[in-house]
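File shown: start.pdb (PDB, C-alpha atoms, pLDDT in the B column).
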```
MODEL        1
ATOM      1  CA  MET A   1      -4.498  21.827  -4.876  1.00 59.00           C
ATOM      2  CA  PRO A   2      -2.803  18.824  -3.263  1.00 87.00           C
ATOM      3  CA  ILE A   3      -4.974  19.060  -0.151  1.00 94.00           C
ATOM      4  CA  ALA A   4      -8.754  19.152   0.174  1.00 94.00           C
ATOM      5  CA  LEU A   5     -11.086  18.995   3.169  1.00 94.00           C
ATOM      6  CA  HIS A   6     -14.534  17.393   2.757  1.00 94.00           C
ATOM      7  CA  HIS A   7     -17.386  16.943   5.207  1.00 94.00           C
ATOM      8  CA  GLU A   8     -18.296  13.252   5.051  1.00 93.00           C
ATOM      9  CA  SER A   9     -21.060  12.820   7.638  1.00 89.00           C
ATOM     10  CA  ASP A  10     -22.050  14.037  11.086  1.00 89.00           C
ATOM     11  CA  ASN A  11     -18.782  15.113  12.700  1.00 93.00           C
ATOM     12  CA  THR A  12     -16.462  13.181  10.349  1.00 96.00           C
ATOM     13  CA  TYR A  13     -14.277  15.079   7.905  1.00 97.00           C
ATOM     14  CA  ARG A  14     -11.991  13.694   5.206  1.00 97.00           C
ATOM     15  CA  LEU A  15      -8.679  15.305   4.353  1.00 97.00           C
ATOM     16  CA  ASP A  16      -7.267  14.195   0.978  1.00 97.00           C
ATOM     17  CA  ILE A  17      -3.566  14.881   0.507  1.00 97.00           C
ATOM     18  CA  SER A  18      -1.659  14.081  -2.688  1.00 97.00           C
ATOM     19  CA  GLY A  19       1.652  15.021  -4.202  1.00 95.00           C
ATOM     20  CA  GLN A  20       3.975  17.163  -2.134  1.00 95.00           C
ATOM     21  CA  LEU A  21       2.262  19.004   0.710  1.00 94.00           C
ATOM     22  CA  MET A  22       3.146  22.675   0.541  1.00 92.00           C
ATOM     23  CA  LYS A  23       3.251  24.850   3.647  1.00 90.00           C
ATOM     24  CA  ALA A  24       0.902  27.484   2.183  1.00 90.00           C
ATOM     25  CA  ASP A  25      -1.691  24.836   1.276  1.00 93.00           C
ATOM     26  CA  TRP A  26      -1.455  23.354   4.779  1.00 92.00           C
ATOM     27  CA  ARG A  27      -1.997  26.764   6.408  1.00 90.00           C
ATOM     28  CA  GLN A  28      -5.082  27.358   4.254  1.00 93.00           C
ATOM     29  CA  CYS A  29      -6.432  23.927   5.246  1.00 93.00           C
ATOM     30  CA  GLU A  30      -5.801  24.658   8.935  1.00 92.00           C
ATOM     31  CA  SER A  31      -7.805  27.860   8.592  1.00 92.00           C
ATOM     32  CA  THR A  32     -10.735  26.019   6.974  1.00 93.00           C
ATOM     33  CA  LEU A  33     -10.572  23.271   9.583  1.00 93.00           C
ATOM     34  CA  ALA A  34     -10.490  25.819  12.415  1.00 92.00           C
ATOM     35  CA  GLY A  35     -13.705  27.325  11.033  1.00 93.00           C
ATOM     36  CA  GLU A  36     -15.377  23.898  10.966  1.00 92.00           C
ATOM     37  CA  LEU A  37     -14.231  23.180  14.530  1.00 93.00           C
ATOM     38  CA  LYS A  38     -15.715  26.465  15.673  1.00 92.00           C
ATOM     39  CA  ARG A  39     -18.977  25.624  13.904  1.00 92.00           C
ATOM     40  CA  VAL A  40     -19.435  21.961  14.923  1.00 92.00           C
ATOM     41  CA  GLY A  41     -17.185  21.447  17.943  1.00 90.00           C
ATOM     42  CA  SER A  42     -15.464  18.081  18.167  1.00 93.00           C
ATOM     43  CA  ILE A  43     -14.720  16.197  14.946  1.00 95.00           C
ATOM     44  CA  LYS A  44     -13.180  12.966  13.706  1.00 97.00           C
ATOM     45  CA  LEU A  45     -10.637  13.294  10.914  1.00 97.00           C
ATOM     46  CA  LEU A  46      -9.918  10.806   8.136  1.00 98.00           C
ATOM     47  CA  CYS A  47      -6.645  11.676   6.364  1.00 98.00           C
ATOM     48  CA  VAL A  48      -6.078   9.935   3.053  1.00 98.00           C
ATOM     49  CA  LEU A  49      -2.581  10.109   1.578  1.00 98.00           C
ATOM     50  CA  LYS A  50      -2.889   9.233  -2.111  1.00 96.00           C
ATOM     51  CA  GLU A  51       0.212   9.392  -4.295  1.00 95.00           C
ATOM     52  CA  PHE A  52       1.710  11.370  -1.411  1.00 96.00           C
ATOM     53  CA  GLN A  53       5.266  12.595  -1.942  1.00 96.00           C
ATOM     54  CA  GLY A  54       6.009  14.141   1.426  1.00 94.00           C
ATOM     55  CA  TRP A  55       6.246  17.635   2.784  1.00 93.00           C
ATOM     56  CA  GLU A  56       7.713  20.722   1.176  1.00 92.00           C
ATOM     57  CA  PRO A  57      11.302  21.039   2.399  1.00 91.00           C
ATOM     58  CA  THR A  58      11.181  23.917   4.877  1.00 79.00           C
ATOM     59  CA  GLU A  59      12.243  24.425   8.449  1.00 69.00           C
ATOM     60  CA  ASP A  60       8.885  25.962   9.405  1.00 76.00           C
ATOM     61  CA  TRP A  61       6.824  22.761   9.843  1.00 81.00           C
ATOM     62  CA  ASN A  62       7.361  22.727  13.610  1.00 75.00           C
ATOM     63  CA  ASN A  63       4.700  25.371  14.335  1.00 73.00           C
ATOM     64  CA  LEU A  64       2.325  23.778  16.881  1.00 78.00           C
ATOM     65  CA  ALA A  65      -0.065  26.746  17.182  1.00 83.00           C
ATOM     66  CA  PHE A  66      -2.980  24.933  15.501  1.00 86.00           C
ATOM     67  CA  TYR A  67      -2.456  21.842  17.652  1.00 83.00           C
ATOM     68  CA  VAL A  68      -2.292  23.897  20.859  1.00 83.00           C
ATOM     69  CA  GLN A  69      -5.443  25.866  20.009  1.00 88.00           C
ATOM     70  CA  HIS A  70      -7.563  23.106  18.397  1.00 89.00           C
ATOM     71  CA  GLY A  71      -5.936  19.741  19.125  1.00 87.00           C
ATOM     72  CA  ASP A  72      -8.408  18.642  21.796  1.00 90.00           C
ATOM     73  CA  ALA A  73     -11.349  19.306  19.457  1.00 93.00           C
ATOM     74  CA  ILE A  74     -10.187  16.517  17.152  1.00 94.00           C
ATOM     75  CA  ALA A  75     -11.493  13.386  18.862  1.00 95.00           C
ATOM     76  CA  LYS A  76      -9.821  10.821  16.561  1.00 97.00           C
ATOM     77  CA  ILE A  77      -7.543  10.815  13.548  1.00 97.00           C
ATOM     78  CA  ALA A  78      -7.288   7.935  11.086  1.00 98.00           C
ATOM     79  CA  ILE A  79      -4.493   8.176   8.526  1.00 98.00           C
ATOM     80  CA  VAL A  80      -4.609   5.993   5.415  1.00 98.00           C
ATOM     81  CA  GLY A  81      -1.520   5.774   3.233  1.00 98.00           C
ATOM     82  CA  HIS A  82       1.540   3.952   2.041  1.00 98.00           C
ATOM     83  CA  GLU A  83       3.468   2.251   4.833  1.00 97.00           C
ATOM     84  CA  ARG A  84       6.590   4.304   4.072  1.00 97.00           C
ATOM     85  CA  TRP A  85       4.812   7.372   5.494  1.00 97.00           C
ATOM     86  CA  ARG A  86       3.593   5.732   8.732  1.00 97.00           C
ATOM     87  CA  ASP A  87       6.154   7.107  11.183  1.00 96.00           C
ATOM     88  CA  LEU A  88       6.385  10.594   9.673  1.00 94.00           C
ATOM     89  CA  ALA A  89       2.607  10.949   9.336  1.00 96.00           C
ATOM     90  CA  LEU A  90       2.051   9.912  12.959  1.00 96.00           C
ATOM     91  CA  MET A  91       4.720  12.366  14.060  1.00 92.00           C
ATOM     92  CA  PHE A  92       3.191  15.138  11.904  1.00 92.00           C
ATOM     93  CA  ALA A  93      -0.210  14.440  13.485  1.00 92.00           C
ATOM     94  CA  ALA A  94       1.381  14.730  16.951  1.00 90.00           C
ATOM     95  CA  ALA A  95       0.014  11.268  17.735  1.00 91.00           C
ATOM     96  CA  ASP A  96       1.944  10.905  20.982  1.00 90.00           C
ATOM     97  CA  LEU A  97       0.814  14.308  22.282  1.00 87.00           C
ATOM     98  CA  ARG A  98      -2.921  14.148  21.586  1.00 90.00           C
ATOM     99  CA  LYS A  99      -5.647  13.187  24.029  1.00 90.00           C
ATOM    100  CA  GLY A 100      -7.569  11.542  21.179  1.00 93.00           C
ATOM    101  CA  PRO A 101      -6.174   8.447  19.471  1.00 97.00           C
ATOM    102  CA  VAL A 102      -4.416   8.474  16.109  1.00 97.00           C
ATOM    103  CA  GLU A 103      -4.148   5.312  14.015  1.00 98.00           C
ATOM    104  CA  PHE A 104      -2.405   4.581  10.729  1.00 98.00           C
ATOM    105  CA  PHE A 105      -3.953   2.233   8.154  1.00 98.00           C
ATOM    106  CA  PRO A 106      -2.417   0.855   4.942  1.00 98.00           C
ATOM    107  CA  GLU A 107      -3.539   2.129   1.538  1.00 97.00           C
ATOM    108  CA  THR A 108      -6.050  -0.723   1.327  1.00 97.00           C
ATOM    109  CA  GLY A 109      -7.468   0.076   4.781  1.00 98.00           C
ATOM    110  CA  LEU A 110      -9.951   2.857   4.008  1.00 97.00           C
ATOM    111  CA  VAL A 111     -12.950   0.745   5.089  1.00 97.00           C
ATOM    112  CA  GLN A 112     -11.188  -0.261   8.316  1.00 98.00           C
ATOM    113  CA  ALA A 113     -10.207   3.350   9.001  1.00 98.00           C
ATOM    114  CA  ARG A 114     -13.815   4.519   8.641  1.00 96.00           C
ATOM    115  CA  ALA A 115     -15.003   1.686  10.920  1.00 96.00           C
ATOM    116  CA  TRP A 116     -12.381   2.610  13.535  1.00 97.00           C
ATOM    117  CA  LEU A 117     -13.453   6.270  13.422  1.00 96.00           C
ATOM    118  CA  SER A 118     -17.076   5.246  13.904  1.00 94.00           C
ATOM    119  CA  ALA A 119     -16.395   2.945  16.870  1.00 91.00           C
TER
ENDMDL
END
```

Could you render the structure as structure tokens?
Amino acid sequence: MPIALHHESDNTYRLDISGQLMKADWRQCESTLAGELKRVGSIKLLCVLKEFQGWEPTEDWNNLAFYVQHGDAIAKIAIVGHERWRDLALMFAAADLRKGPVEFFPETGLVQARAWLSA
């Protein structure tokens, strides 16, 4: 599966995404994440794009239901990946709409991303 959610520590979760992100895989991840949010409340999310190839071409990516229902429960989002994905990843994460901050870090910035999430 090109997407996997892991509990790292306390209220920090890591989302590893590789290859092409498929809509069905994303929906399954949203369901798992919703369960964790219900269980622990507010979380911090570390998204790591490794060998990422973009999103499955479909017109159905604009569904904001998860964001509307759970967006405020995600206190911070750090995205680590290749610079070419910066703008699209921030847009996908609804960075400009969220109460909590969203930051993008280069592929070599995993340590900095974790430090930023912890601050």

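Proximity of A:Ile74, A:Leu90, A:Ile43, A:Val48 to Thr108 (chain A), computed with all atoms listed in the file, is greatest for A:Val48.
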
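CA of Ala93 (chain A) lies 17.1 Å from CA of Thr58 (chain A).
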
Report summary line: Correct to one decimal, the distance CA of Gly81 (chain A)-CA of Ile17 (chain A) is 9.7 Å

Query - Length of the CA of Met91 (chain A) to CA of Ala75 (chain A) vector [Å] - result: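 According to the coordinates, CA of Met91 (chain A) and CA of Ala75 (chain A) are separated by 16.9 Å.
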
Give as a PDB file with C-alpha atoms, in the coordinates of the input the residues that the PyMOL selection byres ((chain A and resi 78-80) around 9) matches when applied to the coordinates above.
```pdb
ATOM      1  CA  LYS A  44     -13.180  12.966  13.706  1.00 97.00           C
ATOM      2  CA  LEU A  45     -10.637  13.294  10.914  1.00 97.00           C
ATOM      3  CA  LEU A  46      -9.918  10.806   8.136  1.00 98.00           C
ATOM      4  CA  CYS A  47      -6.645  11.676   6.364  1.00 98.00           C
ATOM      5  CA  VAL A  48      -6.078   9.935   3.053  1.00 98.00           C
ATOM      6  CA  LEU A  49      -2.581  10.109   1.578  1.00 98.00           C
ATOM      7  CA  LYS A  50      -2.889   9.233  -2.111  1.00 96.00           C
ATOM      8  CA  LYS A  76      -9.821  10.821  16.561  1.00 97.00           C
ATOM      9  CA  ILE A  77      -7.543  10.815  13.548  1.00 97.00           C
ATOM     10  CA  GLY A  81      -1.520   5.774   3.233  1.00 98.00           C
ATOM     11  CA  HIS A  82       1.540   3.952   2.041  1.00 98.00           C
ATOM     12  CA  GLU A  83       3.468   2.251   4.833  1.00 97.00           C
ATOM     13  CA  ARG A  86       3.593   5.732   8.732  1.00 97.00           C
ATOM     14  CA  ALA A  89       2.607  10.949   9.336  1.00 96.00           C
ATOM     15  CA  LEU A  90       2.051   9.912  12.959  1.00 96.00           C
ATOM     16  CA  PRO A 101      -6.174   8.447  19.471  1.00 97.00           C
ATOM     17  CA  VAL A 102      -4.416   8.474  16.109  1.00 97.00           C
ATOM     18  CA  GLU A 103      -4.148   5.312  14.015  1.00 98.00           C
ATOM     19  CA  PHE A 104      -2.405   4.581  10.729  1.00 98.00           C
ATOM     20  CA  PHE A 105      -3.953   2.233   8.154  1.00 98.00           C
ATOM     21  CA  PRO A 106      -2.417   0.855   4.942  1.00 98.00           C
ATOM     22  CA  GLU A 107      -3.539   2.129   1.538  1.00 97.00           C
ATOM     23  CA  THR A 108      -6.050  -0.723   1.327  1.00 97.00           C
ATOM     24  CA  GLY A 109      -7.468   0.076   4.781  1.00 98.00           C
ATOM     25  CA  LEU A 110      -9.951   2.857   4.008  1.00 97.00           C
ATOM     26  CA  ALA A 113     -10.207   3.350   9.001  1.00 98.00           C
ATOM     27  CA  ARG A 114     -13.815   4.519   8.641  1.00 96.00           C
ATOM     28  CA  TRP A 116     -12.381   2.610  13.535  1.00 97.00           C
ATOM     29  CA  LEU A 117     -13.453   6.270  13.422  1.00 96.00           C
TER      30      LEU A 117
END
```

Query raised in the report: If I put a ball of radius 7 Å at (0.5, 17.9, -1.4) in the file's coordinates, which residues poke into it when counting all atoms listed in the file, written as a PyMOL selection string?
Result: chain A and resi 2-3+17-22+52

**Report entry** Result set, the PyMOL selection byres ((chain A and resi 61) around 12) on current file, as JSON, numbers by chain
**Finding:** {"A": [21, 22, 23, 24, 26, 27, 55, 56, 57, 58, 59, 60, 62, 63, 64, 65, 66, 91, 92, 93]}

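Listed by chain and then by number, the residues chosen by the PyMOL selection byres ((chain A and resi 33) around 10) in this file are Leu5, His6, Tyr13, Leu15, Arg27, Gln28, Cys29, Glu30, Ser31, Thr32, Ala34, Gly35, Glu36, Leu37, Lys38, Arg39, Ile43, Phe66 and His70 of chain A.
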
Restricting the output to C-alpha atoms, write the selected residues as a compact mmCIF listing (two decimals), in the coordinates of the input.
```
# COMPACT_ATOMS: atom_id res chain seq x y z
CA LEU A 5 -11.09 19.00 3.17
CA HIS A 6 -14.53 17.39 2.76
CA TYR A 13 -14.28 15.08 7.90
CA LEU A 15 -8.68 15.30 4.35
CA ARG A 27 -2.00 26.76 6.41
CA GLN A 28 -5.08 27.36 4.25
CA CYS A 29 -6.43 23.93 5.25
CA GLU A 30 -5.80 24.66 8.94
CA SER A 31 -7.80 27.86 8.59
CA THR A 32 -10.74 26.02 6.97
CA ALA A 34 -10.49 25.82 12.42
CA GLY A 35 -13.70 27.32 11.03
CA GLU A 36 -15.38 23.90 10.97
CA LEU A 37 -14.23 23.18 14.53
CA LYS A 38 -15.72 26.46 15.67
CA ARG A 39 -18.98 25.62 13.90
CA ILE A 43 -14.72 16.20 14.95
CA PHE A 66 -2.98 24.93 15.50
CA HIS A 70 -7.56 23.11 18.40
```

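In terms of minimum interatomic distance to Glu51 (chain A), A:Asp16 ranks closest within A:Leu88, A:Ala4, A:Asp16, A:Leu97, counting all atoms listed in the file.
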